[in-house]
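Source file: start_4.pdb. Holds: PDB, C-alpha atoms, pLDDT in the B column.
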ATOM      1  CA  MET A   1       0.000   0.000   0.000  1.00 43.00           C
ATOM      2  CA  ASN A   2       2.773   2.447   0.801  1.00 46.00           C
ATOM      3  CA  ALA A   3       3.949   2.587  -2.828  1.00 64.00           C
ATOM      4  CA  VAL A   4       1.412   5.339  -3.514  1.00 77.00           C
ATOM      5  CA  ALA A   5       2.354   8.902  -2.541  1.00 87.00           C
ATOM      6  CA  PRO A   6       0.484  10.229   0.512  1.00 93.00           C
ATOM      7  CA  LYS A   7      -2.754  12.018  -0.310  1.00 96.00           C
ATOM      8  CA  THR A   8      -5.417  14.054   1.451  1.00 98.00           C
ATOM      9  CA  PHE A   9      -8.868  12.531   1.034  1.00 98.00           C
ATOM     10  CA  LEU A  10     -11.935  14.593   1.893  1.00 98.00           C
ATOM     11  CA  VAL A  11     -15.252  12.739   1.995  1.00 98.00           C
ATOM     12  CA  CYS A  12     -18.623  14.229   1.109  1.00 99.00           C
ATOM     13  CA  HIS A  13     -20.815  11.604   2.747  1.00 98.00           C
ATOM     14  CA  GLY A  14     -24.233  10.302   1.756  1.00 98.00           C
ATOM     15  CA  ALA A  15     -27.736  11.175   2.916  1.00 98.00           C
ATOM     16  CA  TRP A  16     -28.929  10.265   6.426  1.00 98.00           C
ATOM     17  CA  SER A  17     -25.320   9.561   7.294  1.00 98.00           C
ATOM     18  CA  GLY A  18     -22.298  11.429   8.669  1.00 98.00           C
ATOM     19  CA  GLY A  19     -18.544  11.350   8.931  1.00 98.00           C
ATOM     20  CA  TRP A  20     -18.913   8.612  11.555  1.00 98.00           C
ATOM     21  CA  ALA A  21     -19.910   6.115   8.823  1.00 98.00           C
ATOM     22  CA  TRP A  22     -16.333   6.206   7.537  1.00 98.00           C
ATOM     23  CA  LYS A  23     -14.935   4.884  10.824  1.00 98.00           C
ATOM     24  CA  LYS A  24     -13.524   1.693   9.262  1.00 98.00           C
ATOM     25  CA  MET A  25     -11.586   3.665   6.661  1.00 98.00           C
ATOM     26  CA  HIS A  26      -9.543   5.796   9.079  1.00 98.00           C
ATOM     27  CA  PRO A  27      -7.058   3.109  10.191  1.00 98.00           C
ATOM     28  CA  LEU A  28      -6.681   1.869   6.604  1.00 98.00           C
ATOM     29  CA  MET A  29      -5.953   5.365   5.342  1.00 98.00           C
ATOM     30  CA  GLN A  30      -3.523   5.999   8.186  1.00 97.00           C
ATOM     31  CA  ALA A  31      -1.692   2.734   7.525  1.00 97.00           C
ATOM     32  CA  ALA A  32      -1.290   3.785   3.873  1.00 96.00           C
ATOM     33  CA  GLY A  33       0.080   7.182   4.881  1.00 97.00           C
ATOM     34  CA  HIS A  34      -2.920   9.220   3.764  1.00 97.00           C
ATOM     35  CA  ARG A  35      -4.963  11.878   5.581  1.00 97.00           C
ATOM     36  CA  LEU A  36      -8.715  11.327   5.707  1.00 98.00           C
ATOM     37  CA  PHE A  37     -11.199  14.063   6.552  1.00 98.00           C
ATOM     38  CA  THR A  38     -14.820  13.014   7.056  1.00 98.00           C
ATOM     39  CA  PRO A  39     -16.830  16.053   8.169  1.00 98.00           C
ATOM     40  CA  SER A  40     -20.538  15.711   8.925  1.00 98.00           C
ATOM     41  CA  TYR A  41     -22.983  18.089   7.288  1.00 98.00           C
ATOM     42  CA  THR A  42     -25.189  20.493   9.231  1.00 98.00           C
ATOM     43  CA  GLY A  43     -28.170  18.609  10.655  1.00 98.00           C
ATOM     44  CA  LEU A  44     -26.608  15.142  10.354  1.00 98.00           C
ATOM     45  CA  GLY A  45     -24.317  12.963  12.469  1.00 98.00           C
ATOM     46  CA  GLU A  46     -22.938  14.723  15.514  1.00 98.00           C
ATOM     47  CA  ARG A  47     -24.499  17.919  14.132  1.00 98.00           C
ATOM     48  CA  ALA A  48     -28.034  16.481  14.138  1.00 98.00           C
ATOM     49  CA  HIS A  49     -29.075  19.005  16.797  1.00 98.00           C
ATOM     50  CA  LEU A  50     -28.727  21.752  14.176  1.00 98.00           C
ATOM     51  CA  ALA A  51     -31.368  20.256  11.873  1.00 98.00           C
ATOM     52  CA  ASN A  52     -33.961  22.695  10.545  1.00 97.00           C
ATOM     53  CA  PRO A  53     -36.183  23.044   7.455  1.00 97.00           C
ATOM     54  CA  SER A  54     -33.928  25.624   5.773  1.00 98.00           C
ATOM     55  CA  ILE A  55     -31.006  23.215   5.305  1.00 98.00           C
ATOM     56  CA  SER A  56     -30.334  22.635   1.618  1.00 98.00           C
ATOM     57  CA  LEU A  57     -27.668  21.290  -0.708  1.00 98.00           C
ATOM     58  CA  GLU A  58     -26.063  24.744  -0.549  1.00 98.00           C
ATOM     59  CA  THR A  59     -25.714  24.434   3.240  1.00 98.00           C
ATOM     60  CA  HIS A  60     -23.793  21.190   2.845  1.00 98.00           C
ATOM     61  CA  ILE A  61     -21.559  22.591   0.111  1.00 98.00           C
ATOM     62  CA  GLU A  62     -20.689  25.475   2.456  1.00 98.00           C
ATOM     63  CA  ASP A  63     -19.959  22.991   5.254  1.00 98.00           C
ATOM     64  CA  VAL A  64     -17.287  21.280   3.162  1.00 98.00           C
ATOM     65  CA  LEU A  65     -15.883  24.513   1.738  1.00 98.00           C
ATOM     66  CA  ASN A  66     -15.326  25.720   5.297  1.00 98.00           C
ATOM     67  CA  VAL A  67     -13.486  22.522   6.220  1.00 98.00           C
ATOM     68  CA  ILE A  68     -11.152  23.137   3.269  1.00 98.00           C
ATOM     69  CA  LYS A  69     -10.683  26.761   4.303  1.00 98.00           C
ATOM     70  CA  TYR A  70     -10.114  26.289   8.020  1.00 98.00           C
ATOM     71  CA  GLU A  71      -8.051  23.100   7.746  1.00 98.00           C
ATOM     72  CA  ASP A  72      -6.093  24.761   4.903  1.00 98.00           C
ATOM     73  CA  LEU A  73      -6.390  21.732   2.648  1.00 98.00           C
ATOM     74  CA  HIS A  74      -4.768  21.569  -0.781  1.00 97.00           C
ATOM     75  CA  ASP A  75      -4.270  18.954  -3.511  1.00 97.00           C
ATOM     76  CA  ILE A  76      -7.401  17.130  -2.323  1.00 98.00           C
ATOM     77  CA  ALA A  77      -8.845  13.860  -3.553  1.00 98.00           C
ATOM     78  CA  LEU A  78     -12.490  14.860  -3.109  1.00 98.00           C
ATOM     79  CA  LEU A  79     -14.685  11.791  -2.678  1.00 98.00           C
ATOM     80  CA  GLY A  80     -18.451  12.044  -3.022  1.00 98.00           C
ATOM     81  CA  HIS A  81     -20.548   9.070  -1.928  1.00 98.00           C
ATOM     82  CA  SER A  82     -24.191   8.769  -3.033  1.00 98.00           C
ATOM     83  CA  TYR A  83     -25.892  12.148  -2.283  1.00 98.00           C
ATOM     84  CA  GLY A  84     -22.354  13.366  -1.562  1.00 98.00           C
ATOM     85  CA  GLY A  85     -21.774  13.422  -5.314  1.00 98.00           C
ATOM     86  CA  MET A  86     -24.056  16.451  -5.413  1.00 98.00           C
ATOM     87  CA  VAL A  87     -22.056  18.113  -2.641  1.00 98.00           C
ATOM     88  CA  ALA A  88     -18.641  17.229  -4.093  1.00 98.00           C
ATOM     89  CA  THR A  89     -19.576  18.591  -7.520  1.00 98.00           C
ATOM     90  CA  GLY A  90     -20.588  21.899  -5.959  1.00 98.00           C
ATOM     91  CA  VAL A  91     -17.467  22.074  -3.808  1.00 98.00           C
ATOM     92  CA  ALA A  92     -15.139  21.361  -6.741  1.00 98.00           C
ATOM     93  CA  ASP A  93     -16.893  24.033  -8.789  1.00 98.00           C
ATOM     94  CA  ARG A  94     -16.281  26.700  -6.130  1.00 97.00           C
ATOM     95  CA  ILE A  95     -12.727  25.830  -5.145  1.00 96.00           C
ATOM     96  CA  SER A  96     -11.171  23.853  -7.998  1.00 95.00           C
ATOM     97  CA  ASP A  97      -7.687  25.181  -7.256  1.00 96.00           C
ATOM     98  CA  ARG A  98      -7.656  23.165  -4.017  1.00 97.00           C
ATOM     99  CA  VAL A  99      -8.954  19.922  -5.564  1.00 98.00           C
ATOM    100  CA  ALA A 100      -6.640  17.565  -7.465  1.00 97.00           C
ATOM    101  CA  GLN A 101      -9.333  15.092  -8.488  1.00 97.00           C
ATOM    102  CA  LEU A 102     -12.945  14.085  -8.005  1.00 98.00           C
ATOM    103  CA  ILE A 103     -13.894  10.540  -7.028  1.00 98.00           C
ATOM    104  CA  TYR A 104     -17.554   9.532  -7.214  1.00 98.00           C
ATOM    105  CA  LEU A 105     -18.370   6.430  -5.166  1.00 98.00           C
ATOM    106  CA  ASP A 106     -21.731   5.040  -6.311  1.00 98.00           C
ATOM    107  CA  ALA A 107     -22.808   8.654  -6.427  1.00 98.00           C
ATOM    108  CA  PHE A 108     -25.055  11.102  -8.228  1.00 98.00           C
ATOM    109  CA  VAL A 109     -23.240  13.206 -10.832  1.00 98.00           C
ATOM    110  CA  PRO A 110     -25.256  16.361 -11.500  1.00 98.00           C
ATOM    111  CA  ARG A 111     -24.980  18.740 -14.392  1.00 97.00           C
ATOM    112  CA  ASP A 112     -25.660  22.449 -14.008  1.00 97.00           C
ATOM    113  CA  GLY A 113     -29.186  23.157 -12.796  1.00 98.00           C
ATOM    114  CA  GLN A 114     -30.002  19.603 -11.723  1.00 98.00           C
ATOM    115  CA  SER A 115     -31.295  18.474  -8.338  1.00 98.00           C
ATOM    116  CA  LEU A 116     -31.021  15.002  -6.870  1.00 98.00           C
ATOM    117  CA  PHE A 117     -34.724  14.523  -7.612  1.00 98.00           C
ATOM    118  CA  ASP A 118     -34.039  15.410 -11.253  1.00 98.00           C
ATOM    119  CA  LEU A 119     -31.492  12.574 -11.297  1.00 98.00           C
ATOM    120  CA  ASN A 120     -33.733  10.142  -9.404  1.00 96.00           C
ATOM    121  CA  GLU A 121     -37.248  10.728 -10.731  1.00 94.00           C
ATOM    122  CA  SER A 122     -38.459   7.312  -9.573  1.00 93.00           C
ATOM    123  CA  GLY A 123     -37.496   8.169  -6.007  1.00 94.00           C
ATOM    124  CA  ARG A 124     -39.068  11.626  -5.950  1.00 96.00           C
ATOM    125  CA  LEU A 125     -42.653  10.696  -4.989  1.00 96.00           C
ATOM    126  CA  PRO A 126     -41.783   7.941  -2.456  1.00 95.00           C
ATOM    127  CA  LEU A 127     -39.341  10.259  -0.661  1.00 96.00           C
ATOM    128  CA  GLN A 128     -41.803  13.152  -0.700  1.00 97.00           C
ATOM    129  CA  GLU A 129     -44.519  10.910   0.741  1.00 96.00           C
ATOM    130  CA  ALA A 130     -42.123   9.592   3.397  1.00 96.00           C
ATOM    131  CA  ALA A 131     -41.340  13.161   4.441  1.00 96.00           C
ATOM    132  CA  GLN A 132     -45.038  14.030   4.695  1.00 96.00           C
ATOM    133  CA  LYS A 133     -45.648  11.028   6.921  1.00 94.00           C
ATOM    134  CA  ALA A 134     -42.744  12.117   9.144  1.00 92.00           C
ATOM    135  CA  ASP A 135     -42.468  15.797  10.115  1.00 95.00           C
ATOM    136  CA  GLY A 136     -43.121  17.272   6.672  1.00 96.00           C
ATOM    137  CA  TRP A 137     -39.576  18.411   5.922  1.00 97.00           C
ATOM    138  CA  ARG A 138     -37.367  15.401   6.583  1.00 97.00           C
ATOM    139  CA  VAL A 139     -37.108  11.954   5.016  1.00 97.00           C
ATOM    140  CA  PRO A 140     -36.585   8.925   7.307  1.00 97.00           C
ATOM    141  CA  PRO A 141     -33.512   6.761   6.570  1.00 96.00           C
ATOM    142  CA  MET A 142     -33.723   4.036   3.953  1.00 93.00           C
ATOM    143  CA  GLN A 143     -32.865   0.425   4.786  1.00 92.00           C
ATOM    144  CA  SER A 144     -29.277  -0.797   4.711  1.00 94.00           C
ATOM    145  CA  PRO A 145     -28.279  -3.157   1.860  1.00 93.00           C
ATOM    146  CA  PRO A 146     -29.103  -6.838   2.556  1.00 92.00           C
ATOM    147  CA  ASP A 147     -25.437  -7.888   2.691  1.00 94.00           C
ATOM    148  CA  THR A 148     -24.764  -5.547   5.637  1.00 97.00           C
ATOM    149  CA  SER A 149     -23.823  -7.554   8.737  1.00 97.00           C
ATOM    150  CA  PRO A 150     -26.309  -7.559  11.651  1.00 97.00           C
ATOM    151  CA  ALA A 151     -23.769  -5.743  13.833  1.00 98.00           C
ATOM    152  CA  ASP A 152     -23.302  -3.030  11.211  1.00 98.00           C
ATOM    153  CA  VAL A 153     -27.065  -2.734  10.657  1.00 97.00           C
ATOM    154  CA  GLU A 154     -27.457  -2.049  14.381  1.00 97.00           C
ATOM    155  CA  TRP A 155     -24.526   0.401  14.373  1.00 98.00           C
ATOM    156  CA  LEU A 156     -25.981   2.280  11.404  1.00 98.00           C
ATOM    157  CA  ALA A 157     -29.551   2.298  12.713  1.00 97.00           C
ATOM    158  CA  GLU A 158     -28.466   3.920  15.975  1.00 97.00           C
ATOM    159  CA  ARG A 159     -26.761   6.803  14.153  1.00 98.00           C
ATOM    160  CA  ARG A 160     -28.579   7.536  10.923  1.00 98.00           C
ATOM    161  CA  VAL A 161     -31.042  10.427  11.145  1.00 98.00           C
ATOM    162  CA  HIS A 162     -33.785  11.992   9.063  1.00 98.00           C
ATOM    163  CA  MET A 163     -32.592  13.954   6.025  1.00 98.00           C
ATOM    164  CA  PRO A 164     -33.877  17.440   5.117  1.00 98.00           C
ATOM    165  CA  ILE A 165     -35.806  16.983   1.877  1.00 98.00           C
ATOM    166  CA  LYS A 166     -34.761  20.433   0.665  1.00 98.00           C
ATOM    167  CA  CYS A 167     -31.302  18.907   0.030  1.00 98.00           C
ATOM    168  CA  PHE A 168     -32.866  16.666  -2.613  1.00 98.00           C
ATOM    169  CA  GLU A 169     -34.900  19.518  -4.115  1.00 98.00           C
ATOM    170  CA  THR A 170     -32.069  22.062  -4.482  1.00 97.00           C
ATOM    171  CA  ARG A 171     -30.846  22.549  -8.045  1.00 98.00           C
ATOM    172  CA  LEU A 172     -27.063  22.760  -8.185  1.00 98.00           C
ATOM    173  CA  LYS A 173     -25.801  25.957  -9.775  1.00 97.00           C
ATOM    174  CA  LEU A 174     -22.368  25.483 -11.313  1.00 97.00           C
ATOM    175  CA  GLN A 175     -20.468  28.758 -11.565  1.00 95.00           C
ATOM    176  CA  ASN A 176     -17.785  27.389 -13.886  1.00 95.00           C
ATOM    177  CA  GLY A 177     -19.601  24.828 -16.018  1.00 92.00           C
ATOM    178  CA  GLU A 178     -18.812  21.143 -16.265  1.00 89.00           C
ATOM    179  CA  PRO A 179     -15.846  20.203 -14.026  1.00 89.00           C
ATOM    180  CA  SER A 180     -12.564  19.924 -15.908  1.00 92.00           C
ATOM    181  CA  LEU A 181     -10.772  18.150 -13.051  1.00 95.00           C
ATOM    182  CA  PRO A 182      -9.721  14.509 -13.401  1.00 96.00           C
ATOM    183  CA  ARG A 183     -12.750  12.404 -12.461  1.00 97.00           C
ATOM    184  CA  SER A 184     -13.148   8.776 -11.438  1.00 98.00           C
ATOM    185  CA  TYR A 185     -16.372   6.809 -10.991  1.00 98.00           C
ATOM    186  CA  ILE A 186     -16.597   3.739  -8.757  1.00 98.00           C
ATOM    187  CA  TYR A 187     -19.701   1.668  -9.430  1.00 98.00           C
ATOM    188  CA  ALA A 188     -20.849  -0.757  -6.736  1.00 98.00           C
ATOM    189  CA  THR A 189     -22.028  -3.792  -8.697  1.00 98.00           C
ATOM    190  CA  ARG A 190     -24.263  -5.402  -6.044  1.00 97.00           C
ATOM    191  CA  ILE A 191     -27.161  -3.305  -7.262  1.00 95.00           C
ATOM    192  CA  THR A 192     -30.775  -2.971  -6.210  1.00 91.00           C
ATOM    193  CA  PRO A 193     -33.528  -3.543  -8.806  1.00 91.00           C
ATOM    194  CA  ALA A 194     -33.741   0.242  -9.297  1.00 90.00           C
ATOM    195  CA  ASP A 195     -30.034   0.431 -10.219  1.00 95.00           C
ATOM    196  CA  THR A 196     -30.065   4.113  -9.240  1.00 96.00           C
ATOM    197  CA  PHE A 197     -26.415   4.676 -10.093  1.00 98.00           C
ATOM    198  CA  GLY A 198     -26.245   2.664 -13.314  1.00 97.00           C
ATOM    199  CA  PRO A 199     -26.827   5.742 -15.518  1.00 97.00           C
ATOM    200  CA  PHE A 200     -23.834   7.512 -13.975  1.00 98.00           C
ATOM    201  CA  ALA A 201     -21.645   4.460 -14.455  1.00 98.00           C
ATOM    202  CA  LYS A 202     -22.654   4.402 -18.130  1.00 98.00           C
ATOM    203  CA  ARG A 203     -21.896   8.111 -18.428  1.00 97.00           C
ATOM    204  CA  ALA A 204     -18.433   7.661 -16.917  1.00 97.00           C
ATOM    205  CA  LYS A 205     -17.699   4.816 -19.335  1.00 97.00           C
ATOM    206  CA  SER A 206     -18.816   6.761 -22.384  1.00 96.00           C
ATOM    207  CA  GLU A 207     -17.624  10.338 -21.727  1.00 95.00           C
ATOM    208  CA  ALA A 208     -14.089  11.610 -22.126  1.00 94.00           C
ATOM    209  CA  GLY A 209     -12.224  12.695 -19.014  1.00 93.00           C
ATOM    210  CA  TRP A 210     -13.364   9.862 -16.751  1.00 97.00           C
ATOM    211  CA  ARG A 211     -11.665   6.819 -15.243  1.00 97.00           C
ATOM    212  CA  TYR A 212     -14.108   4.022 -14.504  1.00 98.00           C
ATOM    213  CA  PHE A 213     -13.873   1.362 -11.785  1.00 98.00           C
ATOM    214  CA  GLU A 214     -16.143  -1.277 -10.292  1.00 98.00           C
ATOM    215  CA  ILE A 215     -16.271  -2.748  -6.811  1.00 98.00           C
ATOM    216  CA  ASP A 216     -17.948  -6.021  -5.825  1.00 97.00           C
ATOM    217  CA  ALA A 217     -19.947  -4.448  -3.024  1.00 97.00           C
ATOM    218  CA  SER A 218     -23.321  -2.931  -2.255  1.00 97.00           C
ATOM    219  CA  HIS A 219     -23.975   0.780  -1.966  1.00 97.00           C
ATOM    220  CA  ALA A 220     -21.839   1.546   1.115  1.00 97.00           C
ATOM    221  CA  PRO A 221     -18.493  -0.240   0.719  1.00 98.00           C
ATOM    222  CA  ASN A 222     -17.009   2.029   3.385  1.00 98.00           C
ATOM    223  CA  VAL A 223     -19.119  -0.093   5.764  1.00 98.00           C
ATOM    224  CA  THR A 224     -19.397  -3.488   4.071  1.00 98.00           C
ATOM    225  CA  ALA A 225     -16.115  -3.757   2.119  1.00 98.00           C
ATOM    226  CA  PRO A 226     -13.592  -1.269   3.553  1.00 98.00           C
ATOM    227  CA  ASN A 227     -10.468  -3.202   2.551  1.00 98.00           C
ATOM    228  CA  ALA A 228     -11.613  -3.619  -1.039  1.00 98.00           C
ATOM    229  CA  LEU A 229     -12.520   0.067  -1.154  1.00 98.00           C
ATOM    230  CA  MET A 230      -9.128   1.064   0.216  1.00 98.00           C
ATOM    231  CA  THR A 231      -7.347  -0.988  -2.442  1.00 97.00           C
ATOM    232  CA  LEU A 232      -9.458   0.617  -5.151  1.00 97.00           C
ATOM    233  CA  LEU A 233      -8.943   4.144  -3.863  1.00 97.00           C
ATOM    234  CA  GLN A 234      -5.210   3.540  -4.010  1.00 95.00           C
ATOM    235  CA  THR A 235      -5.694   2.744  -7.701  1.00 93.00           C
ATOM    236  CA  THR A 236      -7.673   5.921  -8.402  1.00 93.00           C
ATOM    237  CA  ILE A 237      -4.876   8.147  -7.113  1.00 90.00           C
ATOM    238  CA  ALA A 238      -1.981   6.167  -8.629  1.00 80.00           C
TER     239      ALA A 238
END

What would the structure in this file look like if it were written as C-alpha cells?
Amino acid sequence: MNAVAPKTFLVCHGAWSGGWAWKKMHPLMQAAGHRLFTPSYTGLGERAHLANPSISLETHIEDVLNVIKYEDLHDIALLGHSYGGMVATGVADRISDRVAQLIYLDAFVPRDGQSLFDLNESGRLPLQEAAQKADGWRVPPMQSPPDTSPADVEWLAERRVHMPIKCFETRLKLQNGEPSLPRSYIYATRITPADTFGPFAKRAKSEAGWRYFEIDASHAPNVTAPNALMTLLQTTIA
C-alpha cells in the first residue's frame, strides 16, 4: 500500500449519514500514509441538533468549503458518496484550485441546474410521501443493503437520522460549467432492482475525461467492504 504517494482525502458523505460512517476507513488510510477528513454536514451525524427546514444542498456545500478553508487543505482527492456526489460537484466548482481530483463512489453526478430529484425521478414521490408522513420536511432513513452484517445494521440504525428533503430539491448551480478536473467513478455492482447509479456508471464509461472502476460491493463499501474500497482508492490516485 505504501507505494502510492500520501494524499489528502476529503469525503462528502451520503444522505442520512455522517462522517462517523467512515470509521472503518480511518485506520486503513492511516496505515497507507494518507490523511482522511470526514466532516458531517449540518443537521446530520454529531451535528443532528442543528437540523432545521432551511437546510439545503447549498448548506452542505458550504460545510465542506469551510473545512477546506479552516483546515487549509490543498491537492485534495475529493470523494463524493451517493448524495455526496451532489455536494462534491458543488465544492469542486467553487474551489477547484484546491482539488486535485474528483472521485464519485456510487454517487449522483449532476450537471448544471439539476437536483437530486431530477437525477432520481423514480425516487421523488416515495421520498416526498415519506417526508409528509414524518415531520413534513425530513425523510426517514432508507434500509441498509441486505449484505450488511447484523452488527453493522445495528450500528448504522443507531446513528442515521432523518434527512432534510430540501437537500434533494435544491438545483445545483455550477459557476464554472462542467468540471474539468480529473474524475473517477466507482460503481458498486451489487445493485438494487432500481439500479439508481447505473446511468452515472454508463456516463463515466462513455464520456471523455473519466476513469471508470467497479467494486464487488453494495452501496456503502465504506461499511461493508472497507479493505476492497481502500485498495481501489489507491488505484484511483496512482

Residue members of the PyMOL selection byres ((chain A and resi 137-147) around 10) in the file shown, as a PyMOL selection string: chain A and resi 15-17+51-55+126-136+148-150+152-154+156-157+160-168+190-192+217-220+224

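Atom CA of A:His81 is found 21.9 Å from atom CA of A:Gln175.
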
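The residues returned by the PyMOL selection byres ((chain A and resi 21) around 10) on the shown structure are His13, Gly14, Ser17, Gly18, Gly19, Trp20, Trp22, Lys23, Lys24, Met25, Thr38, Ser40, Gly45, Trp155, Leu156, Arg159, Arg160, Ala220, Asn222 and Val223 of chain A.
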
Contacts of stretch 110-113 of chain A within 8 Å, all atoms listed in the file, excl. fewer than 3 positions in-chain, as a VMD selection string: chain A and resid 85 to 86 89 116 119 171 to 174 177 to 178

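Of the listed residues A:Leu232, A:Ala77, A:Ala225, A:Ala238, the one whose atoms come nearest to A:Leu102 is A:Ala77, with distances taken using only C-alpha atoms.
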
Report as an mmCIF file with C-alpha atoms, in the coordinates of the input the full result of the PyMOL selection byres ((chain A and resi 105) around 8) when it is applied to this structure.
data_model
loop_
_atom_site.group_PDB
_atom_site.id
_atom_site.type_symbol
_atom_site.label_atom_id
_atom_site.label_comp_id
_atom_site.auth_asym_id
_atom_site.auth_seq_id
_atom_site.Cartn_x
_atom_site.Cartn_y
_atom_site.Cartn_z
ATOM 1 C CA LEU A 79 -14.685 11.791 -2.678
ATOM 2 C CA GLY A 80 -18.451 12.044 -3.022
ATOM 3 C CA HIS A 81 -20.548 9.070 -1.928
ATOM 4 C CA SER A 82 -24.191 8.769 -3.033
ATOM 5 C CA GLY A 85 -21.774 13.422 -5.314
ATOM 6 C CA ILE A 103 -13.894 10.540 -7.028
ATOM 7 C CA TYR A 104 -17.554 9.532 -7.214
ATOM 8 C CA ASP A 106 -21.731 5.040 -6.311
ATOM 9 C CA ALA A 107 -22.808 8.654 -6.427
ATOM 10 C CA TYR A 185 -16.372 6.809 -10.991
ATOM 11 C CA ILE A 186 -16.597 3.739 -8.757
ATOM 12 C CA TYR A 187 -19.701 1.668 -9.430
ATOM 13 C CA ALA A 188 -20.849 -0.757 -6.736
#

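We find atom CA of A:Gln101 and atom CA of A:Leu181 to be spaced 5.7 Å apart.
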
Among listed residues A:Val109, A:Leu28, A:Met230, A:Val91, nearest A:Asn66 (using all atoms listed in the file): A:Val91

Atom-to-atom span, atom CA of A:Thr59 and atom CA of A:Asp93, Å: 14.9 Å

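Minimum atom-to-atom distance to A:Glu62, evaluated using all atoms listed in the file, belongs to A:Arg94 out of A:Arg94, A:Ser206, A:Glu46, A:Tyr83.
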
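Across A:Ile215, A:Leu125, A:Ala151, A:Val67, the tightest approach to A:Ala201 is made by A:Ile215 when counting all atoms listed in the file.
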
Distance criterion (only C-alpha atoms): nearest to A:Cys12 out of A:Phe200, A:Tyr212, A:Tyr70, A:Phe108: A:Phe108
